[in-house]
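Chemist: I'd like to ask some things about the structure below.
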Amino acid sequence: SYCIVPYARGLEKHYPKAQIIEETKRHLAAGCKEIVLLGQIVNKHPEFTDIVKDILRLEWLERLRYTSPYPNFYSPELLQLHETEEKLCPHIHIPFQSGSNTVLKSMRRGYTVEQAKEFINNIRNLKRDISITTDIIVGYPDETEEDFQATLDLVEYGKFDMIYIGIYSPRPGTYAHKNHPDNIDRKTKRARRDRLNELLKKTSQENNQKEIGQTRKVIVDTIDDNHIYGYIDNMKQITIKKKSEFKNNIWDFINVKITKAVPFKLYWEMIHN
């Protein structure tokens with residue numbers, strides 16, 4: 001009800017499966033190592049699971065990820081691929097937006113918090129550790145303290161590695177703008193954002209502590225005069241102080257041992273090239 005994107009983009013369109021596979025092949029042949037499938041509701045594509053399976057079979061592929069999916073369009077088969085296919089990254093981003101059924105209904109999200117928790121359970125029951133990230137909007141019209149507490153409860157339940165927190169602001173022309181006055185004051189919105197962020201930092205720290213001592217493969221995406229930055233397969237950011245013997249380039253994969261964890265970031269040492 002609140003999103004301007006459908007109004008800005010027009011009716012949904014998708015590329016044919018064959019075109020997506022051919023474009024992927026070209027990127028891989030040109031040296032790309034990680035493929036990202038992108039869409040507003042990416043798993044709404046009628047052949048999405050087949051596209052994922054076909055790309056996973058391609059030569060030279062190191063990693064495959066996709067964003068952003070929608071919980072209502074997940075098939076059991078797609079979820080199972082995260083357990084069985086090593087190249088399909090162990091990361092799922094699901095924009096739950098709220099933990100309150102009242103707010104979810106007003107947002108016209110099409111699912112309940114009970115269904116959201118069931119989806120989280122299905123991910124946690126896979127025989128592979130999957131990082132879950134989400135989007136949350138605070139201060140949606142008529143959101144009460146009880147509604148917000150329900151969102152905090154969902155965050156506690158989900159143990160998300162990252163939350164992209166948005167403070168609600170009306171978008172002219174949307175259903176919410178026409179039908180739900182923006183009646184939560186700025187101070188309350190900011191206070192709720194800060195409370196949610198504090199909970200997220202606690203959860204991120206707890207989750208990241210479990211990474212210490214593990215050997216992981218990092219893709220390097222930034223190198224400056226002092227540091228090397230990258231991310232592991234579950235999309236966690238990772239950094240190290242640059243040393244003179246470091247000879248790798250951006251987009252190289254390197255094997256590392258994780259040595260330190262803080263909220264939203266990991267630190268590592270290179271074990272071999």
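FYI, nothing fancy with the structure tokens labels: chains A, B, ... in order, residues from 1 per chain, ligands from 1 as they appear.
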Could you give me the residues within range 16-218 of chain A that DSSP places in strand (DSSP E or B), as an NGL selection string?
Modeler: :A and (34-38 or 63-67 or 88 or 91-93 or 97 or 131-138 or 162-167 or 215-218)
Chemist: Put those residues in a file: N, CA, C and O atoms, as a short mmCIF file (atom, residue, chain, number, x, y, z; two decimals), in the first residue's frame.
Modeler:
data_model
loop_
_atom_site.label_atom_id
_atom_site.label_comp_id
_atom_site.auth_asym_id
_atom_site.auth_seq_id
_atom_site.Cartn_x
_atom_site.Cartn_y
_atom_site.Cartn_z
N GLU A 34 30.48 -14.28 -9.79
CA GLU A 34 29.26 -14.27 -8.99
C GLU A 34 28.13 -13.67 -9.83
O GLU A 34 28.30 -12.59 -10.41
N ILE A 35 27.01 -14.36 -9.87
CA ILE A 35 25.84 -13.89 -10.60
C ILE A 35 24.75 -13.53 -9.59
O ILE A 35 24.49 -14.29 -8.64
N VAL A 36 24.11 -12.38 -9.81
CA VAL A 36 23.00 -11.95 -8.98
C VAL A 36 21.76 -11.77 -9.85
O VAL A 36 21.80 -11.04 -10.83
N LEU A 37 20.70 -12.47 -9.50
CA LEU A 37 19.41 -12.32 -10.18
C LEU A 37 18.62 -11.25 -9.44
O LEU A 37 18.38 -11.36 -8.23
N LEU A 38 18.22 -10.22 -10.16
CA LEU A 38 17.62 -9.04 -9.53
C LEU A 38 16.20 -8.82 -10.04
O LEU A 38 15.93 -8.89 -11.23
N ARG A 63 29.41 -18.40 -7.47
CA ARG A 63 28.31 -18.10 -6.55
C ARG A 63 27.10 -17.59 -7.32
O ARG A 63 27.24 -16.90 -8.32
N LEU A 64 25.94 -17.93 -6.78
CA LEU A 64 24.68 -17.41 -7.30
C LEU A 64 23.85 -16.89 -6.14
O LEU A 64 23.70 -17.58 -5.12
N ARG A 65 23.34 -15.68 -6.29
CA ARG A 65 22.42 -15.13 -5.29
C ARG A 65 21.30 -14.39 -6.01
O ARG A 65 21.37 -14.15 -7.22
N TYR A 66 20.27 -14.03 -5.27
CA TYR A 66 19.14 -13.31 -5.87
C TYR A 66 18.51 -12.39 -4.83
O TYR A 66 18.61 -12.60 -3.63
N THR A 67 17.87 -11.35 -5.32
CA THR A 67 17.17 -10.40 -4.45
C THR A 67 16.23 -9.55 -5.30
O THR A 67 16.49 -9.33 -6.49
N LEU A 88 24.70 -21.92 -4.47
CA LEU A 88 23.59 -21.03 -4.17
C LEU A 88 23.83 -20.48 -2.77
O LEU A 88 23.83 -21.21 -1.78
N HIS A 91 22.12 -17.30 1.97
CA HIS A 91 21.59 -16.01 2.41
C HIS A 91 20.23 -15.79 1.76
O HIS A 91 20.08 -15.97 0.55
N ILE A 92 19.25 -15.44 2.57
CA ILE A 92 17.91 -15.14 2.07
C ILE A 92 17.47 -13.81 2.65
O ILE A 92 17.46 -13.63 3.88
N HIS A 93 17.15 -12.89 1.76
CA HIS A 93 16.63 -11.59 2.21
C HIS A 93 15.12 -11.56 1.98
O HIS A 93 14.65 -11.68 0.85
N GLN A 97 8.86 -6.34 6.84
CA GLN A 97 8.33 -4.98 7.03
C GLN A 97 7.74 -4.71 8.41
O GLN A 97 7.85 -3.60 8.92
N SER A 131 21.91 -17.32 6.42
CA SER A 131 21.77 -15.96 6.96
C SER A 131 20.46 -15.37 6.46
O SER A 131 20.15 -15.43 5.27
N ILE A 132 19.68 -14.80 7.39
CA ILE A 132 18.42 -14.16 7.02
C ILE A 132 18.54 -12.67 7.29
O ILE A 132 18.92 -12.25 8.39
N THR A 133 18.21 -11.87 6.30
CA THR A 133 18.14 -10.43 6.46
C THR A 133 16.75 -9.96 6.06
O THR A 133 16.01 -10.68 5.39
N THR A 134 16.39 -8.75 6.46
CA THR A 134 15.03 -8.30 6.21
C THR A 134 14.97 -6.78 6.11
O THR A 134 15.96 -6.08 6.34
N ASP A 135 13.79 -6.29 5.73
CA ASP A 135 13.47 -4.87 5.76
C ASP A 135 12.37 -4.65 6.79
O ASP A 135 11.44 -5.47 6.89
N ILE A 136 12.46 -3.57 7.53
CA ILE A 136 11.42 -3.20 8.49
C ILE A 136 11.12 -1.71 8.33
O ILE A 136 12.03 -0.89 8.24
N ILE A 137 9.84 -1.39 8.31
CA ILE A 137 9.39 0.00 8.32
C ILE A 137 8.86 0.33 9.71
O ILE A 137 8.03 -0.43 10.25
N VAL A 138 9.33 1.41 10.30
CA VAL A 138 8.82 1.86 11.60
C VAL A 138 8.01 3.13 11.40
O VAL A 138 8.26 3.92 10.48
N MET A 162 20.93 -8.78 9.47
CA MET A 162 20.87 -7.36 9.09
C MET A 162 19.41 -6.99 8.87
O MET A 162 18.62 -7.81 8.40
N ILE A 163 19.08 -5.76 9.23
CA ILE A 163 17.76 -5.21 8.94
C ILE A 163 17.97 -3.85 8.28
O ILE A 163 18.70 -3.00 8.80
N TYR A 164 17.36 -3.67 7.15
CA TYR A 164 17.37 -2.37 6.49
C TYR A 164 16.13 -1.62 6.99
O TYR A 164 15.01 -1.93 6.61
N ILE A 165 16.38 -0.69 7.90
CA ILE A 165 15.30 -0.02 8.62
C ILE A 165 14.90 1.24 7.89
O ILE A 165 15.73 2.10 7.59
N GLY A 166 13.62 1.37 7.63
CA GLY A 166 13.09 2.57 7.01
C GLY A 166 12.10 3.27 7.92
O GLY A 166 11.25 2.61 8.53
N ILE A 167 12.22 4.57 8.05
CA ILE A 167 11.21 5.36 8.74
C ILE A 167 10.13 5.70 7.72
O ILE A 167 10.43 6.24 6.65
N THR A 215 36.83 -21.12 8.61
CA THR A 215 37.52 -20.83 7.36
C THR A 215 36.46 -20.57 6.29
O THR A 215 35.57 -21.39 6.08
N ARG A 216 36.56 -19.42 5.63
CA ARG A 216 35.55 -19.05 4.64
C ARG A 216 36.22 -18.50 3.40
O ARG A 216 37.40 -18.09 3.42
N LYS A 217 35.48 -18.48 2.31
CA LYS A 217 35.96 -17.90 1.06
C LYS A 217 35.39 -16.51 0.92
O LYS A 217 34.18 -16.31 1.01
N VAL A 218 36.26 -15.53 0.69
CA VAL A 218 35.87 -14.13 0.58
C VAL A 218 36.05 -13.66 -0.86
O VAL A 218 37.05 -14.00 -1.51
#
Chemist: Identify all residues of range 155-254 of chain A in helix (DSSP H, G or I) (DSSP on the backbone) and supply them as a short mmCIF file (atom, residue, chain, number, x, y, z; two decimals) with N, CA, C and O atoms, in the first residue's frame.
Modeler:
data_model
loop_
_atom_site.label_atom_id
_atom_site.label_comp_id
_atom_site.auth_asym_id
_atom_site.auth_seq_id
_atom_site.Cartn_x
_atom_site.Cartn_y
_atom_site.Cartn_z
N VAL A 155 11.76 -9.73 15.41
CA VAL A 155 13.21 -9.61 15.24
C VAL A 155 13.94 -10.54 16.20
O VAL A 155 14.93 -11.20 15.84
N GLU A 156 13.47 -10.60 17.45
CA GLU A 156 14.05 -11.55 18.41
C GLU A 156 13.90 -12.97 17.90
O GLU A 156 14.81 -13.79 18.01
N TYR A 157 12.75 -13.28 17.34
CA TYR A 157 12.46 -14.62 16.85
C TYR A 157 13.33 -14.96 15.64
O TYR A 157 13.86 -16.07 15.53
N GLY A 158 13.45 -14.01 14.73
CA GLY A 158 14.15 -14.28 13.48
C GLY A 158 15.66 -14.28 13.58
O GLY A 158 16.34 -14.87 12.74
N TYR A 175 -1.65 4.00 -2.22
CA TYR A 175 -2.87 3.72 -1.44
C TYR A 175 -2.73 4.24 -0.02
O TYR A 175 -3.68 4.81 0.53
N ALA A 176 -1.57 4.04 0.59
CA ALA A 176 -1.37 4.49 1.96
C ALA A 176 -1.49 6.01 2.06
O ALA A 176 -2.07 6.54 3.01
N HIS A 177 -0.92 6.70 1.11
CA HIS A 177 -0.97 8.16 1.13
C HIS A 177 -2.41 8.66 1.04
O HIS A 177 -2.79 9.64 1.69
N LYS A 178 -3.23 7.98 0.27
CA LYS A 178 -4.62 8.39 0.08
C LYS A 178 -5.53 7.99 1.24
O LYS A 178 -6.53 8.65 1.51
N ASN A 179 -5.17 6.90 1.93
CA ASN A 179 -6.11 6.31 2.89
C ASN A 179 -5.63 6.26 4.33
O ASN A 179 -6.44 6.01 5.23
N ARG A 186 7.53 12.49 14.23
CA ARG A 186 8.92 12.20 13.86
C ARG A 186 9.73 11.70 15.06
O ARG A 186 10.56 10.78 14.93
N LYS A 187 9.51 12.27 16.23
CA LYS A 187 10.25 11.86 17.42
C LYS A 187 9.99 10.39 17.74
O LYS A 187 10.92 9.63 18.06
N THR A 188 8.74 9.99 17.67
CA THR A 188 8.39 8.59 17.95
C THR A 188 8.99 7.66 16.90
O THR A 188 9.52 6.59 17.23
N LYS A 189 8.92 8.06 15.65
CA LYS A 189 9.51 7.24 14.58
C LYS A 189 11.00 7.03 14.82
O LYS A 189 11.51 5.90 14.70
N ARG A 190 11.70 8.11 15.12
CA ARG A 190 13.15 7.99 15.33
C ARG A 190 13.47 7.16 16.55
O ARG A 190 14.44 6.39 16.55
N ALA A 191 12.69 7.31 17.59
CA ALA A 191 12.92 6.52 18.81
C ALA A 191 12.73 5.03 18.52
O ALA A 191 13.51 4.19 19.00
N ARG A 192 11.72 4.70 17.74
CA ARG A 192 11.50 3.29 17.41
C ARG A 192 12.60 2.75 16.51
O ARG A 192 13.04 1.61 16.67
N ARG A 193 13.05 3.58 15.58
CA ARG A 193 14.18 3.17 14.75
C ARG A 193 15.40 2.88 15.62
O ARG A 193 16.08 1.85 15.43
N ASP A 194 15.67 3.74 16.58
CA ASP A 194 16.85 3.56 17.43
C ASP A 194 16.72 2.31 18.30
O ASP A 194 17.70 1.57 18.48
N ARG A 195 15.55 2.06 18.82
CA ARG A 195 15.34 0.86 19.64
C ARG A 195 15.53 -0.41 18.80
O ARG A 195 16.15 -1.38 19.26
N LEU A 196 15.00 -0.38 17.60
CA LEU A 196 15.16 -1.53 16.70
C LEU A 196 16.62 -1.72 16.34
O LEU A 196 17.12 -2.86 16.30
N ASN A 197 17.32 -0.65 16.10
CA ASN A 197 18.73 -0.74 15.73
C ASN A 197 19.57 -1.30 16.88
O ASN A 197 20.52 -2.06 16.65
N GLU A 198 19.24 -0.94 18.10
CA GLU A 198 19.97 -1.47 19.25
C GLU A 198 19.77 -2.98 19.37
O GLU A 198 20.71 -3.72 19.67
N LEU A 199 18.54 -3.43 19.15
CA LEU A 199 18.28 -4.87 19.18
C LEU A 199 19.03 -5.56 18.05
O LEU A 199 19.60 -6.65 18.24
N LEU A 200 19.05 -4.95 16.87
CA LEU A 200 19.77 -5.52 15.74
C LEU A 200 21.26 -5.65 16.03
O LEU A 200 21.87 -6.68 15.70
N LYS A 201 21.86 -4.62 16.64
CA LYS A 201 23.29 -4.69 16.95
C LYS A 201 23.58 -5.86 17.89
O LYS A 201 24.59 -6.56 17.74
N LYS A 202 22.71 -6.07 18.87
CA LYS A 202 22.87 -7.19 19.81
C LYS A 202 22.80 -8.52 19.07
O LYS A 202 23.65 -9.41 19.26
N THR A 203 21.80 -8.66 18.20
CA THR A 203 21.63 -9.90 17.46
C THR A 203 22.79 -10.14 16.50
O THR A 203 23.30 -11.26 16.38
N SER A 204 23.21 -9.08 15.81
CA SER A 204 24.33 -9.21 14.88
C SER A 204 25.60 -9.65 15.59
O SER A 204 26.34 -10.50 15.09
N GLN A 205 25.85 -9.07 16.75
CA GLN A 205 27.04 -9.45 17.52
C GLN A 205 26.98 -10.92 17.90
O GLN A 205 27.97 -11.66 17.76
N GLU A 206 25.83 -11.37 18.39
CA GLU A 206 25.68 -12.77 18.79
C GLU A 206 25.87 -13.70 17.59
O GLU A 206 26.55 -14.74 17.70
N ASN A 207 25.27 -13.35 16.47
CA ASN A 207 25.42 -14.20 15.27
C ASN A 207 26.86 -14.23 14.77
O ASN A 207 27.37 -15.28 14.38
N ASN A 208 27.49 -13.07 14.75
CA ASN A 208 28.85 -12.98 14.21
C ASN A 208 29.87 -13.69 15.09
O ASN A 208 30.88 -14.18 14.58
N GLN A 209 29.62 -13.75 16.38
CA GLN A 209 30.54 -14.46 17.27
C GLN A 209 30.68 -15.93 16.86
O GLN A 209 31.73 -16.54 17.03
#
Chemist: Residues at most 9 Å from range 17-22 of chain A, counting only C-alpha atoms, excluding those fewer than 6 positions away in the same chain, as a PyMOL selection string?
Modeler: chain A and resi 47-48+50-51+54-55
Chemist: To one decimal place, how far is CA of Pro141 in chain A from CA of Ile41 in chain A in Å?
Modeler: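 These two atoms are separated by 24.1 Å.
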Chemist: Ranking A:His180, A:Lys117, A:Lys265, A:Arg109 by minimum distance to Glu143 in chain A and counting only C-alpha atoms, which one comes first?
Modeler: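 Of the candidates, the smallest distance to Glu143 in chain A is held by A:His180.
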Chemist: Env of Thr49 in chain A: 12 Å cut, atoms = only C-alpha atoms, seq-sep filter 2 positions within chain, self excluded. Answer as JSON, numbers by chain.
Modeler: {"A": [17, 37, 42, 43, 44, 45, 46, 47, 51, 52, 53, 54, 55, 56, 66, 69, 73, 74, 75, 76, 77, 78, 79, 80, 81, 82, 88]}
Chemist: Give me, please, the distance in Å between CA of Ile258 in chain A and CA of Ile212 in chain A, quoted to one decimal.
Modeler: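 Between these atoms lies a distance of 5.1 Å.
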Chemist: Provide the CA of Val262 in chain A to CA of Asn122 in chain A distance in Å, to one decimal place.
Modeler: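 Calculated distance between CA of Val262 in chain A and CA of Asn122 in chain A is 27.5 Å.
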Chemist: Measuring between only C-alpha atoms, which one of A:Asp224, A:Ser1, A:Ile130, A:Gly213 shows the shortest distance to Asp161 in chain A?
Modeler: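 Looking only at the distances to Asp161 in chain A, the closest residue turns out to be A:Ile130.
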Chemist: I want to know what sits within 6 Å of range 250-252 of chain A, based on only C-alpha atoms, with residues of the same chain fewer than 6 positions away left out; could you give that as a ChimeraX atom specification?
Modeler: /A:219-221
Chemist: Could you pull the residues within 10 Å of Gly173 in chain A, counting only C-alpha atoms, minus those fewer than 5 positions along the same chain, as number ranges by chain?
Modeler: A: 2-4, 7, 178
Chemist: Can I get the selected residues back with C-alpha atoms, as a compact mmCIF listing (two decimals), in the first residue's frame?
Modeler:
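Here's the written file again25.txt:
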# COMPACT_ATOMS: atom_id res chain seq x y z
CA TYR A 2 2.95 2.34 0.63
CA CYS A 3 5.36 1.55 -2.22
CA ILE A 4 5.72 3.93 -5.16
CA TYR A 7 3.35 3.23 -9.98
CA LYS A 178 -4.62 8.39 0.08
